[in-house]
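Novice: Dropping the structure in here first, questions after.
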Amino acid sequence: MVTATETQGPPQRGASEGTTPVISVRGLWKVFGPKTAAQVPGSPELRGLSRRELMERAGCTAAVRDVTFDVSPGEVFVVMGLSGSGKSTLVRCLTRLIEPTAGEVVFEGEDIRGADEKRLRELRRRKFSMVFQHFGLLPHRRVLDNVAYGLEIRGTNRAERTKRAMDVIELVGLAGNENSYPDQLSGGMQQRVGLARALAVDPDVLLFDEPFSALDPLIRRDMQNEVIRLHREVGKTMVFITHDLSEALKLGDRILIMRDGQMVQCGTGDELVGAPADDYVRDFVSDVPRSRVLTLRWIMRPAEPDDPLDGPELGPDVVVREATRAVLAADKPVKVVEDGKLLGIVGDEEILAVVAGAEGGE
């Protein structure tokens, strides 16, 4: 497989440089099957087999195969793939809801594969919160009590957990519904309760496992916007699992694409669209309107000696769609400038090549 860092195009922008990752995954494997499954990651012969061959030879299924990535503080990291790609297994391995077969899962400097049951419970109660597709609300408890449940398990006194729950209920737009029961709420509102419950314990990392897949399209869009708003307000590190590319592009700072348990490519949305690692990714992004995703750094060209350099300036990360009017209105090429340095120029030809292609869904 080829990763984003091996593709051609502008310099790749991954996790924030100079920061210590919140989550660091190295060589992660999850193999389901008999006891011999544990031998697969260490066997050059077995680990090189396809999914079908591995099942025929060893009766095993490698749901996650040698996956490596980092998640930076405050990042929204999206793991995307079709059904059976291993994405949900991967996110469950991060908290050991599913026990990894091999590899490292380092959280804030601690390899949680070495944590005992007591430490693992503490991490789950205080450091991680998970939001599932099926809301998992307690039907006999009011919204307020559902939201406060994690704090109750932690041993927080009633007054404190009630105040915190009310604050979070207001934050997610559920004020006035705190005394309702889950079956009195719409699907979107129930998912807001699940989100509030995850936020109430003030975790370092929020994990989302396809949380909006069961929602109607309009409600799903509203919930995506809610996640964006909450991320802007509370700045939590988020790992978001989805099979929907448009959702991944909308939410993710970076996106990891999986296929058959393997990482195919990891990069920003414009990296995936502008420099797909292989035909699989290329097919995945083929219908994405390029003008809505690609930035000026992807379409700029080097300035020639006879190019006028007194035109307007734009930054390299401005999306093509947002830059179109300014470029077409200028009578001289637009300079692409970052930190006072001229990176290149963009004129009508470069803009129209992308915009015209977008009309055809290319």
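Following the order of the structure tokens, chains are lettered A, B, ..., residues in each are numbered from 1, and ligands are numbered from 1.
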Can you pull out the residues contacting stretch 109-114 of chain A? Cut-off 9 Å, using only C-alpha atoms, and skip same-chain residues under 5 positions away; I want them as a ChimeraX atom specification.

Specialist: /A:20-24,94-96,99-100,103-104,119-120,123

Novice: Leaving out stretch 182-190 of chain A and any residue of its chain fewer than 6 positions from it, which residues lie within 12 Å of it when counting only C-alpha atoms, given as a PyMOL selection string?

Specialist: chain A and resi 131-147+169+172-176+196-197+211-224+226

Novice: Taking only C-alpha atoms into account, name the residue in A:Tyr181, A:Phe128, A:Phe107, A:Phe69 that is nearest to A:Ile255.

Specialist: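 Closest to A:Ile255 of all the choices is A:Phe69.
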
Novice: Show me, as a ChimeraX atom specification, the residues that have an atom within 12 Å of A:Arg232 when counting only C-alpha atoms, minus same-chain residues fewer than 5 positions from it.

Specialist: /A:74-76,225-227,237-238,251

Novice: With C-alpha atoms kept, could you save the residues just selected as an mmCIF file, in the first residue's frame?

Specialist:
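File again_33.cif, as written:
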data_model
loop_
_atom_site.group_PDB
_atom_site.id
_atom_site.type_symbol
_atom_site.label_atom_id
_atom_site.label_comp_id
_atom_site.auth_asym_id
_atom_site.auth_seq_id
_atom_site.Cartn_x
_atom_site.Cartn_y
_atom_site.Cartn_z
ATOM 1 C CA GLY A 74 -7.344 18.937 19.332
ATOM 2 C CA GLU A 75 -7.406 17.085 16.008
ATOM 3 C CA VAL A 76 -10.505 15.564 14.410
ATOM 4 C CA ASN A 225 -22.742 20.712 12.168
ATOM 5 C CA GLU A 226 -23.213 20.194 15.902
ATOM 6 C CA VAL A 227 -19.951 18.244 16.140
ATOM 7 C CA THR A 237 -9.478 15.584 20.375
ATOM 8 C CA MET A 238 -11.848 13.418 18.338
ATOM 9 C CA LEU A 251 -15.469 16.778 9.729
#

Novice: Can you pull out the residues contacting A:Asp283? Cut-off 12 Å, using only C-alpha atoms, and skip same-chain residues under 2 positions away; I want them as JSON, numbers by chain.

Specialist: {"A": [245, 272, 273, 276, 277, 278, 279, 280, 281, 285, 286, 287, 288, 361, 362]}

Novice: Output C-alpha atoms for every residue in the selection just made, as a compact mmCIF listing (two decimals), in the first residue's frame.

Specialist:
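Writing the result to again31.txt gives the following:
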# COMPACT_ATOMS: atom_id res chain seq x y z
CA LEU A 245 -16.76 10.23 2.39
CA LEU A 272 -6.75 12.47 -0.76
CA VAL A 273 -8.51 14.26 -3.62
CA PRO A 276 -4.91 9.62 -4.31
CA ALA A 277 -2.51 6.83 -3.36
CA ASP A 278 -4.02 4.20 -5.65
CA ASP A 279 -7.00 3.33 -7.80
CA TYR A 280 -9.09 2.42 -4.74
CA VAL A 281 -8.76 5.92 -3.27
CA VAL A 285 -12.95 10.45 -4.37
CA SER A 286 -13.95 10.47 -8.03
CA ASP A 287 -17.32 12.13 -7.39
CA VAL A 288 -16.02 14.77 -4.99
CA GLY A 361 -17.94 15.66 -10.81
CA GLU A 362 -14.32 14.97 -11.64
